[in-house]
file input_7.cif (mmCIF, C-alpha atoms)
data_work
loop_
_atom_site.label_atom_id
_atom_site.label_comp_id
_atom_site.auth_asym_id
_atom_site.auth_seq_id
_atom_site.Cartn_x
_atom_site.Cartn_y
_atom_site.Cartn_z
CA MET A 214 -183.33 105.79 -214.34
CA ASP A 215 -185.02 104.94 -211.01
CA ALA A 216 -186.68 108.35 -210.98
CA LEU A 217 -188.01 107.79 -214.53
CA GLN A 218 -189.36 104.35 -213.63
CA GLY A 219 -191.00 105.82 -210.54
CA PHE A 220 -192.62 108.56 -212.60
CA LEU A 221 -193.90 106.05 -215.19
CA LYS A 222 -195.28 103.84 -212.41
CA PHE A 223 -197.05 106.83 -210.87
CA ILE A 224 -198.56 107.71 -214.28
CA LEU A 225 -199.77 104.13 -214.77
CA ASN A 226 -201.29 104.03 -211.29
CA GLN A 227 -203.13 107.30 -211.96
CA LYS A 228 -204.30 106.41 -215.48
CA THR A 229 -207.98 106.44 -214.48
CA PHE A 230 -207.69 109.96 -213.08
CA ILE A 231 -205.64 111.07 -216.08
CA GLY A 232 -208.19 109.53 -218.44
CA TYR A 233 -211.08 111.37 -216.80
CA SER A 234 -209.07 114.60 -216.78
CA PHE A 235 -208.33 114.23 -220.48
CA MET A 236 -212.02 113.52 -221.14
CA ALA A 237 -212.94 116.65 -219.19
CA LEU A 238 -210.50 118.76 -221.23
CA LEU A 239 -211.92 117.36 -224.48
CA THR A 240 -215.44 118.12 -223.26
CA VAL A 241 -214.55 121.71 -222.36
CA GLY A 242 -212.78 122.20 -225.68
CA GLY A 243 -215.68 120.67 -227.63
CA GLU A 244 -218.23 122.82 -225.83
CA ARG A 245 -216.25 126.00 -226.49
CA LEU A 246 -215.85 125.04 -230.15
CA PHE A 247 -219.59 124.47 -230.50
CA SER A 248 -220.38 127.74 -228.75
CA LEU A 249 -218.02 129.88 -230.83
CA VAL A 250 -218.23 128.25 -234.26
CA ALA A 251 -221.44 126.27 -234.74
CA PHE A 252 -223.95 127.76 -232.31
CA LYS A 253 -226.02 130.72 -233.51
CA CYS A 254 -229.21 131.27 -231.53
CA PRO A 255 -231.99 132.06 -234.08
CA CYS A 256 -233.75 134.54 -231.71
CA SER A 257 -237.17 133.25 -232.81
CA THR A 258 -239.82 130.83 -231.64
CA GLU A 259 -237.34 128.04 -232.49
CA ASN A 260 -235.05 129.01 -229.63
CA VAL A 261 -236.23 126.19 -227.37
CA ILE A 262 -235.67 123.38 -229.88
CA TYR A 263 -232.38 124.85 -231.09
CA GLY A 264 -230.95 125.39 -227.60
CA LEU A 265 -232.05 122.00 -226.27
CA ALA A 266 -230.64 120.27 -229.36
CA PHE A 267 -227.17 121.70 -228.69
CA LEU A 268 -227.53 120.88 -224.99
CA PHE A 269 -228.72 117.27 -225.21
CA ALA A 270 -227.83 115.95 -228.69
CA PRO A 271 -224.04 115.81 -228.01
CA ALA A 272 -224.75 114.21 -224.64
CA TRP A 273 -226.85 111.53 -226.37
CA VAL A 274 -224.09 110.88 -228.94
CA LEU A 275 -221.52 110.56 -226.13
CA LEU A 276 -223.79 108.09 -224.34
CA ILE A 277 -224.08 105.94 -227.48
CA LEU A 278 -220.30 106.12 -227.97
CA GLY A 279 -219.88 105.04 -224.35
CA PHE A 280 -221.90 101.90 -225.09
CA PHE A 281 -219.95 101.25 -228.30
CA LEU A 282 -216.55 101.60 -226.66
CA ASN A 283 -217.39 99.49 -223.61
CA ASN A 284 -216.18 95.92 -224.16
CA ARG A 285 -218.62 94.61 -221.57
CA SER A 286 -221.51 95.73 -223.78
CA TRP A 287 -220.42 93.39 -226.56
CA ARG A 288 -219.46 90.61 -224.17
CA LEU A 289 -222.99 90.85 -222.78
CA PHE A 290 -224.96 91.05 -226.03
CA THR A 291 -222.89 89.06 -228.55
CA GLY A 292 -224.87 85.97 -229.53
CA CYS A 293 -227.83 86.74 -227.25
CA CYS A 294 -230.32 86.59 -230.16
CA VAL A 295 -229.16 83.07 -231.02
CA ASN A 296 -229.20 81.96 -227.40
CA PRO A 297 -230.99 84.22 -224.85
CA ARG A 298 -229.63 82.01 -222.07
CA LYS A 299 -226.32 83.80 -222.50
CA ILE A 300 -227.70 86.94 -220.87
CA PHE A 301 -230.09 85.07 -218.54
CA PRO A 302 -228.09 82.03 -217.38
CA ARG A 303 -229.74 79.62 -214.98
CA GLY A 304 -229.24 80.69 -211.40
CA HIS A 305 -228.02 84.16 -212.44
CA ASN A 306 -231.11 85.80 -213.94
CA CYS A 307 -230.43 89.14 -212.23
CA ARG A 308 -226.82 89.35 -213.40
CA PHE A 309 -227.87 90.83 -216.76
CA PHE A 310 -229.50 93.85 -215.09
CA SER A 311 -226.55 94.28 -212.73
CA VAL A 312 -224.01 94.30 -215.58
CA LEU A 313 -226.25 96.51 -217.74
CA GLY A 314 -226.51 99.00 -214.87
CA GLN A 315 -222.71 99.11 -214.57
CA ILE A 316 -222.37 99.67 -218.33
CA ILE A 317 -224.91 102.51 -218.23
CA LEU A 318 -223.20 104.18 -215.26
CA SER A 319 -219.78 104.08 -216.90
CA SER A 320 -221.26 105.34 -220.19
CA LEU A 321 -222.91 108.28 -218.41
CA VAL A 322 -219.59 109.86 -217.39
CA ALA A 323 -218.98 111.69 -220.68
CA PRO A 324 -222.61 112.90 -221.16
CA VAL A 325 -222.72 114.26 -217.60
CA MET A 326 -219.44 116.06 -218.20
CA TRP A 327 -220.84 117.62 -221.36
CA LEU A 328 -224.07 118.74 -219.69
CA SER A 329 -222.15 120.16 -216.73
CA VAL A 330 -219.76 122.17 -218.89
CA ALA A 331 -222.57 123.35 -221.20
CA LEU A 332 -224.73 124.47 -218.27
CA LEU A 333 -221.83 126.25 -216.57
CA ASN A 334 -221.19 128.19 -219.77
CA GLY A 335 -224.89 129.06 -220.01
CA THR A 336 -225.07 129.80 -223.75
CA PHE A 337 -227.30 126.88 -224.78
CA TYR A 338 -229.60 127.19 -221.75
CA GLU A 339 -229.97 130.93 -222.26
CA CYS A 340 -231.08 130.43 -225.86
CA ALA A 341 -233.48 127.60 -225.00
CA MET A 342 -235.14 129.35 -222.06
CA SER A 343 -235.49 132.65 -223.91
CA GLY A 344 -237.84 130.95 -226.35
CA THR A 345 -240.20 129.46 -223.77
CA GLN A 346 -243.94 129.99 -224.13
CA SER A 347 -244.85 128.58 -220.73
CA PRO A 348 -246.77 131.15 -218.61
CA ARG A 349 -245.22 129.81 -215.39
CA LEU A 350 -241.67 130.09 -216.73
CA LEU A 351 -242.37 133.51 -218.20
CA ASP A 352 -243.65 134.72 -214.82
CA LEU A 353 -240.52 133.35 -213.16
CA ILE A 354 -238.10 134.88 -215.67
CA CYS A 355 -239.86 138.22 -216.27
CA LYS A 356 -240.91 138.92 -212.68
CA GLY A 357 -240.13 142.55 -211.91
CA LYS A 358 -239.05 143.24 -215.51
CA PRO A 359 -240.64 145.59 -218.10
CA GLU A 360 -243.81 144.44 -219.89
CA GLU A 361 -241.85 143.90 -223.13
CA CYS A 362 -240.11 140.94 -221.47
CA TRP A 363 -243.20 138.72 -221.87
CA LYS A 364 -243.46 139.51 -225.60
CA GLU A 365 -239.80 139.81 -226.63
CA LEU A 366 -237.98 137.36 -224.40
CA TYR A 367 -236.85 135.32 -227.44
CA LYS A 368 -234.86 138.35 -228.67
CA VAL A 369 -232.81 138.68 -225.47
CA SER A 370 -229.93 136.50 -226.72
CA CYS A 371 -229.48 138.79 -229.73
CA GLY A 372 -229.94 142.05 -227.79
CA LYS A 373 -232.70 143.18 -230.17
CA THR A 374 -235.48 143.80 -227.66
CA SER A 375 -237.15 147.19 -227.22
CA MET A 376 -236.06 147.14 -223.57
CA THR A 377 -233.15 149.21 -222.35
CA PRO A 378 -229.67 147.66 -222.71
CA THR A 379 -229.49 147.42 -218.91
CA ASP A 380 -232.71 145.38 -218.64
CA ASN A 381 -231.65 143.19 -221.56
CA GLU A 382 -228.28 142.49 -219.94
CA GLU A 383 -229.93 141.72 -216.60
CA LEU A 384 -232.18 139.15 -218.28
CA LYS A 385 -229.20 137.51 -219.97
CA LEU A 386 -227.27 137.39 -216.72
CA SER A 387 -230.33 135.97 -214.92
CA LEU A 388 -230.69 133.14 -217.47
CA GLN A 389 -226.96 132.39 -217.34
CA ALA A 390 -227.09 132.31 -213.53
CA GLN A 391 -229.95 129.79 -213.64
CA SER A 392 -227.91 127.66 -216.06
CA GLN A 393 -224.84 127.75 -213.84
CA ILE A 394 -226.90 126.82 -210.75
CA LEU A 395 -228.27 123.81 -212.63
CA GLY A 396 -224.73 122.95 -213.76
CA TRP A 397 -223.34 122.96 -210.23
CA PHE A 398 -226.38 121.01 -209.01
CA LEU A 399 -225.72 118.36 -211.67
CA ILE A 400 -222.02 118.18 -210.73
CA CYS A 401 -222.77 117.87 -207.01
CA SER A 402 -225.52 115.29 -207.60
CA ALA A 403 -223.33 113.20 -209.93
CA SER A 404 -220.41 113.33 -207.49
CA PHE A 405 -222.58 112.31 -204.55
CA PHE A 406 -224.24 109.52 -206.54
CA SER A 407 -220.83 108.28 -207.66
CA LEU A 408 -219.66 108.22 -204.04
CA LEU A 409 -222.79 106.33 -202.95
CA THR A 410 -222.50 103.69 -205.68
CA THR A 411 -218.78 103.23 -204.99
CA CYS A 412 -219.39 102.85 -201.25
CA TYR A 413 -222.24 100.41 -201.90
CA ALA A 414 -220.11 98.34 -204.28
CA ARG A 415 -217.21 98.25 -201.80
CA CYS A 416 -219.53 97.34 -198.92
CA ARG A 417 -220.93 94.47 -200.98
CA SER A 418 -217.45 93.29 -202.00
CA LYS A 419 -216.85 89.59 -201.44
CA VAL A 420 -213.09 90.08 -201.08
CA SER A 421 -210.79 92.20 -198.92
CA TYR A 422 -209.17 95.46 -200.01
CA LEU A 423 -205.80 93.86 -200.82
CA GLN A 424 -207.36 90.99 -202.74
CA LEU A 425 -209.50 93.45 -204.70
CA SER A 426 -206.34 95.41 -205.60
CA PHE A 427 -204.68 92.19 -206.77
CA TRP A 428 -207.83 91.30 -208.75
CA LYS A 429 -207.76 94.63 -210.60
CA THR A 430 -204.04 94.26 -211.35
CA TYR A 431 -204.54 90.73 -212.63
CA ALA A 432 -207.50 91.72 -214.82
CA GLN A 433 -205.51 94.55 -216.40
CA LYS A 434 -202.46 92.39 -217.06
CA GLU A 435 -204.59 89.58 -218.50
CA LYS A 436 -206.34 92.02 -220.84
CA GLU A 437 -203.03 93.45 -222.09
CA GLN A 438 -201.45 90.04 -222.62
CA LEU A 439 -204.61 88.67 -224.25
CA GLU A 440 -204.58 91.44 -226.86
CA ASN A 441 -200.87 90.95 -227.58
CA THR A 442 -201.24 87.15 -227.78
CA PHE A 443 -204.21 87.46 -230.14
CA VAL A 444 -202.09 89.55 -232.49
CA ASP A 445 -199.22 87.06 -232.28
CA TYR A 446 -201.38 83.98 -232.88
CA ALA A 447 -203.37 85.65 -235.67
CA LYS A 448 -200.09 86.50 -237.42
CA LYS A 449 -198.82 82.92 -237.05
CA LEU A 450 -202.08 81.45 -238.39
CA SER A 451 -202.24 83.87 -241.32
CA ASP A 452 -198.56 83.15 -242.14
CA ARG A 453 -199.24 79.41 -242.15
CA ASN A 454 -202.35 79.73 -244.33
CA LEU A 455 -200.69 82.03 -246.87
CA LYS A 456 -197.63 79.80 -247.11
CA CYS A 457 -199.74 76.67 -247.62
CA PHE A 458 -201.89 78.43 -250.21
CA LEU A 459 -198.96 79.74 -252.22
CA GLU A 460 -197.00 76.47 -251.97
CA ASN A 461 -200.13 74.35 -252.61
CA LYS A 462 -199.60 71.96 -249.71
CA ARG A 463 -201.59 70.67 -246.75
CA PRO A 464 -201.24 72.74 -243.56
CA ASP A 465 -199.65 71.52 -240.37
CA VAL A 466 -201.86 71.17 -237.32
CA PHE A 467 -202.30 74.53 -235.60
CA PRO A 468 -203.49 74.28 -231.97
CA MET A 469 -206.57 76.43 -231.36
CA PRO A 470 -209.27 76.53 -228.65
CA THR A 471 -212.40 74.54 -229.38
CA PHE A 472 -215.72 76.19 -230.12
CA ALA A 473 -216.88 75.37 -226.60
CA ALA A 474 -213.71 76.93 -225.16
CA TRP A 475 -214.29 80.19 -227.04
CA GLU A 476 -217.86 80.27 -225.78
CA ALA A 477 -216.91 79.52 -222.17
CA ALA A 478 -214.10 82.12 -222.12
CA SER A 479 -216.42 84.79 -223.56
CA GLU A 480 -218.92 84.62 -220.69
CA LEU A 481 -219.20 87.35 -218.09
CA HIS A 482 -217.25 86.58 -214.95
CA SER A 483 -218.95 85.78 -211.64
CA PHE A 484 -216.80 85.55 -208.50
CA HIS A 485 -217.35 82.74 -205.97
CA GLN A 486 -215.53 82.69 -202.64
CA ASN A 487 -215.06 78.92 -202.71
CA ARG A 488 -213.51 79.15 -206.21
CA GLN A 489 -211.13 82.09 -206.35
CA HIS A 490 -211.02 82.68 -210.09
CA TYR A 491 -210.17 86.25 -211.08
CA SER A 492 -211.55 86.09 -214.61
CA THR A 493 -213.58 83.86 -216.90
CA LEU A 494 -210.38 82.75 -218.62
CA HIS A 495 -208.90 81.85 -215.24
CA ARG A 496 -211.98 79.73 -214.45
CA VAL A 497 -211.88 77.98 -217.83
CA VAL A 498 -208.19 77.12 -217.44
CA GLU A 499 -208.58 75.89 -213.86
CA GLU A 500 -211.80 73.90 -214.29
CA GLY A 501 -211.41 72.77 -217.87
CA LEU A 502 -214.37 72.42 -220.21
CA ASP A 503 -216.65 69.95 -218.46
CA LEU A 504 -219.84 71.36 -219.90
CA ARG A 505 -223.14 71.27 -218.08
CA PRO A 506 -226.15 69.91 -220.06
CA GLU A 507 -227.41 73.43 -220.82
CA ASP A 508 -223.92 74.43 -222.03
CA GLU A 509 -223.81 71.43 -224.38
CA GLU A 510 -227.23 72.42 -225.69
CA THR A 511 -225.97 75.97 -226.29
CA THR A 512 -222.87 74.74 -228.10
CA MET A 513 -224.86 72.43 -230.39
CA MET A 514 -227.34 75.21 -231.14
CA LEU A 515 -224.60 77.67 -232.07
CA MET A 516 -222.68 75.10 -234.13
CA GLY A 517 -225.86 74.25 -236.00
CA THR A 518 -226.41 77.93 -236.74
CA ALA A 519 -222.84 78.28 -238.02
CA GLN A 520 -223.26 75.22 -240.29
CA ASN A 521 -226.49 76.62 -241.70
CA VAL A 522 -224.73 79.92 -242.50
CA GLN A 523 -221.92 78.04 -244.26
CA LEU A 524 -224.40 75.97 -246.30
CA THR A 525 -226.21 79.15 -247.32
CA HIS A 526 -222.96 80.68 -248.56
CA HIS A 527 -222.09 77.53 -250.54
CA HIS A 528 -225.48 77.53 -252.26
#
call {"tool": "encode", "arguments": {"input": "input_7.cif", "output": "structure tokens"}}
result
Amino acid sequence: MDALQGFLKFILNQKTFIGYSFMALLTVGGERLFSLVAFKCPCSTENVIYGLAFLFAPAWVLLILGFFLNNRSWRLFTGCCVNPRKIFPRGHNCRFFSVLGQIILSSLVAPVMWLSVALLNGTFYECAMSGTQSPRLLDLICKGKPEECWKELYKVSCGKTSMTPTDNEELKLSLQAQSQILGWFLICSASFFSLLTTCYARCRSKVSYLQLSFWKTYAQKEKEQLENTFVDYAKKLSDRNLKCFLENKRPDVFPMPTFAAWEAASELHSFHQNRQHYSTLHRVVEEGLDLRPEDEETTMMLMGTAQNVQLTHHH
């Protein structure tokens, strides 16, 4: 039993590494599936568009999905059209760009993985580059090759050129080598940039290593318990409402946070050394809901908007 608990604890401690590993396996599998099933290089003047579409379109979709699946994106942008002060609070105007940068960096992980795997395989790059019409690129690719290379490069991927099979294979291998060099360059650059940003973030940390570890543990536990408690309270509220509706009676009082409390707890968290709050919820609970004048203005504005929406529905 102790060995099983130790193994489970190790798995939980390594969940970030395991998550990235699983994402990498999915990326490799997806790339291979695209290459074998969906990808068919046209071997025409459309090679460039076709190859680049398979190279960058999935990366773009993964980037958008990264934004969608990042809770901080919605915490940052929810309600910002009604009240722009949510993303540009007084005294913290630069926080929006800092948080947005963190969201973008975390969302770039999957696209970079896709581009790296696709470039290392070389199929998409080979098709795209074989259709180039740029004189400089043609000189680079066809240097030392037969004259047919300049005219029939787009047929290399299909092996239908008038060149000898040896020259055709050499061109394919040359294009694949270029793709793999770019792939390793992207991997090395992304790794180095990740190291730099992590070192910079740790150097700028306002807390010690142990306190930062505690902070991460607390944030994870709060998130898990918040989700479970939401489910529990939503079930209790729905049970009460259904029972009162079916029995045609007035409901009992059900304690719920105020509108201002929901708004305050939904803000992005900012750490202050003189107030050691490890989350926005922690700050709200410790300090209560003594709203500043601008917060009261925000609450009234949002409540007015909600009332207008309700009136519109009634009419």
call {"tool": "atom_distance", "arguments": {"input": "input_7.cif", "atom1": "atom CA of Leu238 of chain A", "atom2": "atom CA of Ser402 of chain A"}}
result
20.6 Å
call {"tool": "atom_distance", "arguments": {"input": "input_7.cif", "atom1": "atom CA of Phe467 of chain A", "atom2": "atom CA of Lys434 of chain A"}}
result
25.7 Å
call {"tool": "closest_atom_pairs", "arguments": {"input": "input_7.cif", "of": "segment 323-405 of chain A", "to": "segment 247-263 of chain A", "cutoff": "10 Å", "atoms": "all atoms listed in the file", "output": "CSV"}}
result
residue,atom,partner,partner_atom,distance
A:Ala331,CA,A:Ser248,CA,9.0
A:Asn334,CA,A:Ser248,CA,9.0
A:Gly335,CA,A:Ser248,CA,9.9
A:Thr336,CA,A:Ser248,CA,7.2
A:Phe337,CA,A:Ser248,CA,8.0
A:Tyr338,CA,A:Val261,CA,8.7
A:Glu339,CA,A:Asn260,CA,9.2
A:Cys340,CA,A:Asn260,CA,5.7
A:Ala341,CA,A:Val261,CA,3.9
A:Met342,CA,A:Val261,CA,6.3
A:Ser343,CA,A:Asn260,CA,6.8
A:Gly344,CA,A:Asn260,CA,4.7
A:Thr345,CA,A:Val261,CA,6.3
A:Gln346,CA,A:Thr258,CA,8.6
A:Glu365,CA,A:Ser257,CA,9.4
A:Leu366,CA,A:Cys256,CA,8.9
A:Tyr367,CA,A:Cys256,CA,5.3
A:Lys368,CA,A:Cys256,CA,5.0
A:Val369,CA,A:Cys256,CA,7.5
A:Ser370,CA,A:Cys256,CA,6.6
A:Cys371,CA,A:Cys256,CA,6.3
A:Gly372,CA,A:Cys256,CA,9.3
A:Lys373,CA,A:Cys256,CA,8.8
call {"tool": "atom_distance", "arguments": {"input": "input_7.cif", "atom1": "atom CA of Leu321 of chain A", "atom2": "atom CA of Leu276 of chain A"}}
result
6.0 Å
call {"tool": "resolve_selection", "arguments": {"input": "input_7.cif", "expression": "the PyMOL selection byres ((chain A and resi 322-330) around 9)", "output": "MDAnalysis selection string"}}
result
chainID A and resid 233 236:237 240:241 243:244 268:269 271:276 279 318:321 331:335 393 395:400 403
call {"tool": "closest_residue", "arguments": {"input": "input_7.cif", "among": "A:Met376, A:Ala447, A:Pro464, A:Asn283", "to": "Glu360 of chain A", "atoms": "all atoms listed in the file"}}
result
A:Met376
call {"tool": "closest_residue", "arguments": {"input": "input_7.cif", "among": "A:Lys448, A:Arg288, A:Arg417, A:Arg308", "to": "Ser483 of chain A", "atoms": "only C-alpha atoms"}}
result
A:Arg308
call {"tool": "closest_atom_pairs", "arguments": {"input": "input_7.cif", "of": "segment 360-470 of chain A", "to": "segment 490-494 of chain A", "cutoff": "8 Å", "atoms": "only C-alpha atoms", "output": "JSON lines"}}
result
{"residue": "A:Trp428", "atom": "CA", "partner": "A:Tyr491", "partner_atom": "CA", "distance": 6.0}
{"residue": "A:Tyr431", "atom": "CA", "partner": "A:Tyr491", "partner_atom": "CA", "distance": 7.4}
{"residue": "A:Ala432", "atom": "CA", "partner": "A:Ser492", "partner_atom": "CA", "distance": 6.9}
call {"tool": "closest_residue", "arguments": {"input": "input_7.cif", "among": "A:Leu351, A:Asn461, A:Thr291, A:Leu481", "to": "Ser311 of chain A", "atoms": "all atoms listed in the file"}}
result
A:Leu481
call {"tool": "axis_aligned_box", "arguments": {"input": "input_7.cif", "around": "segment 281-284 of chain A", "padding_each_side": "3 Å", "output": "lines of an AutoDock Vina configuration file"}}
result
center_x = -218.1
center_y = 98.8
center_z = -226.0
size_x = 9.8
size_y = 11.7
size_z = 10.7
call {"tool": "resolve_selection", "arguments": {"input": "input_7.cif", "expression": "the PyMOL selection byres ((chain A and resi 309) around 12)", "output": "ChimeraX atom specification"}}
result
/A:285-286,288-290,293,297-308,310-316,480-483
call {"tool": "build_atoms", "arguments": {"input": "input_7.cif", "residues": "segment 360-369 of chain A", "atoms": "all heavy atoms", "output": "short mmCIF file (atom, residue, chain, number, x, y, z; two decimals), in the frame of the given file"}}
result
data_model
loop_
_atom_site.label_atom_id
_atom_site.label_comp_id
_atom_site.auth_asym_id
_atom_site.auth_seq_id
_atom_site.Cartn_x
_atom_site.Cartn_y
_atom_site.Cartn_z
N GLU A 360 -242.75 145.22 -219.24
CA GLU A 360 -243.81 144.44 -219.89
C GLU A 360 -243.33 143.80 -221.19
O GLU A 360 -243.80 142.72 -221.58
CB GLU A 360 -245.01 145.34 -220.17
CG GLU A 360 -246.22 144.60 -220.71
CD GLU A 360 -247.40 145.52 -220.92
OE1 GLU A 360 -247.35 146.67 -220.44
OE2 GLU A 360 -248.35 145.10 -221.58
N GLU A 361 -242.36 144.44 -221.87
CA GLU A 361 -241.85 143.90 -223.13
C GLU A 361 -241.19 142.53 -222.95
O GLU A 361 -241.06 141.77 -223.91
CB GLU A 361 -240.82 144.86 -223.75
CG GLU A 361 -241.40 146.17 -224.26
CD GLU A 361 -241.58 147.19 -223.16
OE1 GLU A 361 -241.22 146.87 -221.99
OE2 GLU A 361 -242.07 148.28 -223.43
N CYS A 362 -240.79 142.22 -221.73
CA CYS A 362 -240.11 140.94 -221.47
C CYS A 362 -240.99 139.76 -221.87
O CYS A 362 -240.51 138.79 -222.46
CB CYS A 362 -239.72 140.86 -220.00
SG CYS A 362 -238.97 139.28 -219.52
N TRP A 363 -242.30 139.83 -221.56
CA TRP A 363 -243.20 138.72 -221.87
C TRP A 363 -243.34 138.53 -223.39
O TRP A 363 -243.55 137.41 -223.84
CB TRP A 363 -244.57 138.98 -221.25
CG TRP A 363 -244.69 138.59 -219.81
CD1 TRP A 363 -245.20 137.44 -219.32
CD2 TRP A 363 -244.29 139.35 -218.68
NE1 TRP A 363 -245.14 137.42 -217.95
CE2 TRP A 363 -244.58 138.60 -217.52
CE3 TRP A 363 -243.70 140.61 -218.51
CZ2 TRP A 363 -244.33 139.04 -216.24
CZ3 TRP A 363 -243.43 141.05 -217.22
CH2 TRP A 363 -243.74 140.28 -216.10
N LYS A 364 -243.23 139.60 -224.15
CA LYS A 364 -243.46 139.51 -225.60
C LYS A 364 -242.17 139.32 -226.39
O LYS A 364 -242.17 138.74 -227.47
CB LYS A 364 -244.16 140.78 -226.09
CG LYS A 364 -245.51 141.03 -225.43
CD LYS A 364 -246.10 142.35 -225.92
CE LYS A 364 -247.43 142.65 -225.23
NZ LYS A 364 -247.99 143.96 -225.68
N GLU A 365 -241.04 139.78 -225.85
CA GLU A 365 -239.80 139.81 -226.63
C GLU A 365 -238.66 139.04 -225.96
O GLU A 365 -237.49 139.29 -226.25
CB GLU A 365 -239.37 141.26 -226.86
CG GLU A 365 -240.40 142.10 -227.59
CD GLU A 365 -239.93 143.54 -227.78
OE1 GLU A 365 -238.83 143.87 -227.29
OE2 GLU A 365 -240.65 144.31 -228.42
N LEU A 366 -239.02 138.11 -225.10
CA LEU A 366 -237.98 137.36 -224.40
C LEU A 366 -237.08 136.61 -225.37
O LEU A 366 -235.87 136.48 -225.15
CB LEU A 366 -238.62 136.38 -223.40
CG LEU A 366 -237.65 135.54 -222.56
CD1 LEU A 366 -236.79 136.45 -221.69
CD2 LEU A 366 -238.42 134.54 -221.69
N TYR A 367 -237.64 136.10 -226.48
CA TYR A 367 -236.85 135.32 -227.44
C TYR A 367 -235.77 136.15 -228.14
O TYR A 367 -234.87 135.60 -228.78
CB TYR A 367 -237.77 134.66 -228.47
CG TYR A 367 -238.52 135.63 -229.36
CD1 TYR A 367 -237.99 136.07 -230.57
CD2 TYR A 367 -239.78 136.10 -228.99
CE1 TYR A 367 -238.67 136.95 -231.38
CE2 TYR A 367 -240.48 136.99 -229.78
CZ TYR A 367 -239.92 137.41 -230.99
OH TYR A 367 -240.61 138.28 -231.80
N LYS A 368 -235.86 137.48 -228.03
CA LYS A 368 -234.86 138.35 -228.67
C LYS A 368 -233.72 138.74 -227.71
O LYS A 368 -232.79 139.44 -228.11
CB LYS A 368 -235.52 139.64 -229.17
CG LYS A 368 -236.58 139.42 -230.25
CD LYS A 368 -237.16 140.76 -230.69
CE LYS A 368 -238.23 140.58 -231.76
NZ LYS A 368 -238.82 141.89 -232.18
N VAL A 369 -233.80 138.27 -226.47
CA VAL A 369 -232.81 138.68 -225.47
C VAL A 369 -231.41 138.25 -225.86
O VAL A 369 -230.44 139.00 -225.71
CB VAL A 369 -233.20 138.10 -224.09
CG1 VAL A 369 -232.02 138.22 -223.12
CG2 VAL A 369 -234.40 138.84 -223.52
#
